[in-house]
Amino acid sequence: MRTVRQSVLDVLRARGMTTLFGNPGSTELPMLKQFPDDFRYVLGLQEAVVVGMADGFALASGTTALVNLHTGPGTGNAMGAILNARANRTPMVVTAGQQVRAMLTMEALLTNPQSTLLPQPAVKWAYEPPRPADIAPALARAAQIAETPPRGPVFLSLPMDDFDVVLDEEEDRRAARTAARVVTHAAAPSADVVRELAGRLTAARNAVLVVGNDVDAAGAWDPVVELAERTGLPVWSAPTEGRVAFPKTHPQYRGTLPPAIAPLAQRLAGHDLVLVIGAPVFCYYPYVPGDYLPEGAELVQLTRDADEAARAPVGEAVVADLALTVRALLTEVPGRPGTPAAPAAARPAVQTGSADEADGALTPLAAMTAIAKGAPENTLWINESPSNLEQFHEATRISTPGSFLFTAGGGLGFGLAAAVGAQLGAPGRPVVCVIGDGSTHYAVQALWTAATYRIPVTFVVLSNQRYAILQWFAEVERAQGAPGLDIPGLDITSIATGYGVRSHRASGAGELTKLVRESALQQDGPVLIDVPITTELPTL
């Protein structure tokens, strides 16, 4: 006779979910009892860090992450990171302990009285199994839901006294059967829809492609590049670029669209058909009112997310698998012989020399260029320096799929933790995390995990002692004089050293390149490099 715990472990093995990110409490200890050798437990010192590491792990590995939090308080601490995981479309099963069933009604200490309401609406599904025998099947169902497009986190509340309950043979077999189920998601549009869209692309006078995060996540990178080259169309990245969806070195690539209504429409002026692939229409902020599209333009969106299609303020939508849809389009869209590809857009030159430094601090572009020079070609980049994204992409020119992660949710606290998880999820790749000094302190405890587990991540902290992105928003929103935007007195190298991370402060571009190169090549734990930079605010 086997227990619920044994059945649960077998379900997790069958799903390939043998890495558990957690911060245990008393209500979780029964689940972790006699933790098996073929599982890996990754400890984070705070729950938002735990979820952030799981987020990076899932995105880098292409698998479903498993998280264990401490009942209601731990779930509450993690909510910001769970919201980020939702925006990132990260498949993740979040579990939390619950008080013993005999004391739920009286709401004993650490009871989560409305456990399935607490994580909503950040999760796709929240559930507390009504019987101990339902825990293992519920875990299997949770994984299936998390992996169903649009992917995202789900939540299970698990009473602590369920794990030692003995199952009968039929209950045990039922859990095994549920875990072994395979659900394939591959919805293709009808041939008529594909032909109609192909006809519109062919007939358009001046069409344009806009690509988003889900192109990379859905494995549609290669067919999208082929479609662009077949048609010769210019390609833009959609606003809020959480993943790179098109080679930034490609001559047809134009850059990232501004995240505001009027400026975005102005950037697309002259186009009569906008084909959006794998992105919402559109992720706007700040609010700059205007027309959603230039005059005379039409829009068609290809997405795997029916809700995303429904909430778009303009255009038509096709809800289907991206790779299948684009490949179907390729069979219907003729090439344009004699029509050259759209000419490359002019890019700002990378300046060098004394203009790259001011009062001992590098400009953002000089710092990004030095970092890029030191990083290996197959680097997996994590970024959480939102005020310097333009300079980052100008310097790195990422042109391979699965090579860039940035939170699509807008909440800080993703970068440091996600970098740790990403290296665990893709151990064969060097991971470089470029992060602002303000962003660093939302998940600074991740440094301890990196040091304790000797995870070889290169953290490059861009220090300007302010929340530069908020200063930009203050200008855009005419909110000058708002307090709390400067953060003087931080010493991240001392903090990192206290967590056990080797730390350096780079004094110039050459030293920065050297430190990044040396750190990326070593495999003996994390390294943090602090880089003083000047402040340059973004433009719309």
# chains A, B, ... in the order shown; residues from 1 in each chain; ligands from 1
>>> residues_around(residues="Tyr41 in chain A", least_positions_apart="3", cutoff="9 Å", atoms="only C-alpha atoms", output="ChimeraX atom specification")
/A:18-22,35
>>> residues_around(residues="Val93 in chain A", least_positions_apart="6", cutoff="9 Å", atoms="only C-alpha atoms", output="JSON list (two decimals) with N, CA, C and O atoms, in the first residue's frame")
[["chain", "number", "residue", "atom", "x", "y", "z"],
["A", 64, "THR", "N", 7.80, 22.73, -17.63],
["A", 64, "THR", "CA", 6.90, 23.31, -16.63],
["A", 64, "THR", "C", 7.59, 23.34, -15.28],
["A", 64, "THR", "O", 8.13, 22.33, -14.82],
["A", 65, "ALA", "N", 7.58, 24.50, -14.64],
["A", 65, "ALA", "CA", 8.25, 24.67, -13.35],
["A", 65, "ALA", "C", 7.33, 24.25, -12.21],
["A", 65, "ALA", "O", 6.11, 24.34, -12.30],
["A", 66, "LEU", "N", 7.95, 23.82, -11.10],
["A", 66, "LEU", "CA", 7.23, 23.40, -9.90],
["A", 66, "LEU", "C", 7.70, 24.25, -8.72],
["A", 66, "LEU", "O", 8.91, 24.39, -8.49],
["A", 67, "VAL", "N", 6.74, 24.80, -7.99],
["A", 67, "VAL", "CA", 7.02, 25.72, -6.88],
["A", 67, "VAL", "C", 6.29, 25.25, -5.64],
["A", 67, "VAL", "O", 5.17, 24.74, -5.72],
["A", 68, "ASN", "N", 6.91, 25.45, -4.48],
["A", 68, "ASN", "CA", 6.27, 25.14, -3.20],
["A", 68, "ASN", "C", 6.43, 26.34, -2.27],
["A", 68, "ASN", "O", 7.55, 26.75, -1.95],
["A", 139, "LEU", "N", -2.57, 17.39, -9.33],
["A", 139, "LEU", "CA", -1.27, 17.85, -9.82],
["A", 139, "LEU", "C", -1.10, 17.59, -11.31],
["A", 139, "LEU", "O", -0.59, 18.43, -12.06],
["A", 142, "ALA", "N", -3.23, 20.05, -13.08],
["A", 142, "ALA", "CA", -2.62, 21.38, -13.00],
["A", 142, "ALA", "C", -1.53, 21.56, -14.06],
["A", 142, "ALA", "O", -1.44, 22.61, -14.71],
["A", 143, "ALA", "N", -0.71, 20.53, -14.24],
["A", 143, "ALA", "CA", 0.35, 20.62, -15.24],
["A", 143, "ALA", "C", -0.24, 20.76, -16.64],
["A", 143, "ALA", "O", 0.26, 21.55, -17.46],
["A", 146, "ALA", "N", -1.49, 24.34, -17.03],
["A", 146, "ALA", "CA", -0.38, 25.29, -17.14],
["A", 146, "ALA", "C", 0.23, 25.26, -18.53],
["A", 146, "ALA", "O", 0.70, 26.29, -19.04],
["A", 152, "GLY", "N", 0.59, 29.46, -18.55],
["A", 152, "GLY", "CA", 0.63, 30.34, -17.38],
["A", 152, "GLY", "C", 0.65, 29.56, -16.09],
["A", 152, "GLY", "O", 0.54, 28.33, -16.08],
["A", 153, "PRO", "N", 0.77, 30.26, -14.96],
["A", 153, "PRO", "CA", 0.83, 29.59, -13.65],
["A", 153, "PRO", "C", -0.54, 29.12, -13.19],
["A", 153, "PRO", "O", -1.58, 29.70, -13.52],
["A", 154, "VAL", "N", -0.55, 28.03, -12.42],
["A", 154, "VAL", "CA", -1.74, 27.50, -11.75],
["A", 154, "VAL", "C", -1.39, 27.31, -10.28],
["A", 154, "VAL", "O", -0.21, 27.34, -9.90],
["A", 155, "PHE", "N", -2.41, 27.08, -9.45],
["A", 155, "PHE", "CA", -2.17, 27.05, -8.00],
["A", 155, "PHE", "C", -2.93, 25.89, -7.37],
["A", 155, "PHE", "O", -4.10, 25.64, -7.68],
["A", 156, "LEU", "N", -2.25, 25.18, -6.47],
["A", 156, "LEU", "CA", -2.87, 24.10, -5.69],
["A", 156, "LEU", "C", -2.60, 24.32, -4.21],
["A", 156, "LEU", "O", -1.45, 24.52, -3.79]]
>>> atom_distance(atom1="CA of Thr407 in chain A", atom2="CA of Gly242 in chain A")
5.4 Å
>>> select_by_dssp(residues="range 9-167 of chain A", states="alpha helix (DSSP H)", output="PyMOL selection string")
chain A and resi 9-14+29-32+47-61+71-88+135-147
>>> residues_around(residues="Gln144 in chain A", least_positions_apart="6", cutoff="10 Å", atoms="only C-alpha atoms", output="JSON, numbers by chain")
{"A": [15, 64, 91, 93, 138, 151, 154, 179, 181, 182, 183, 184]}
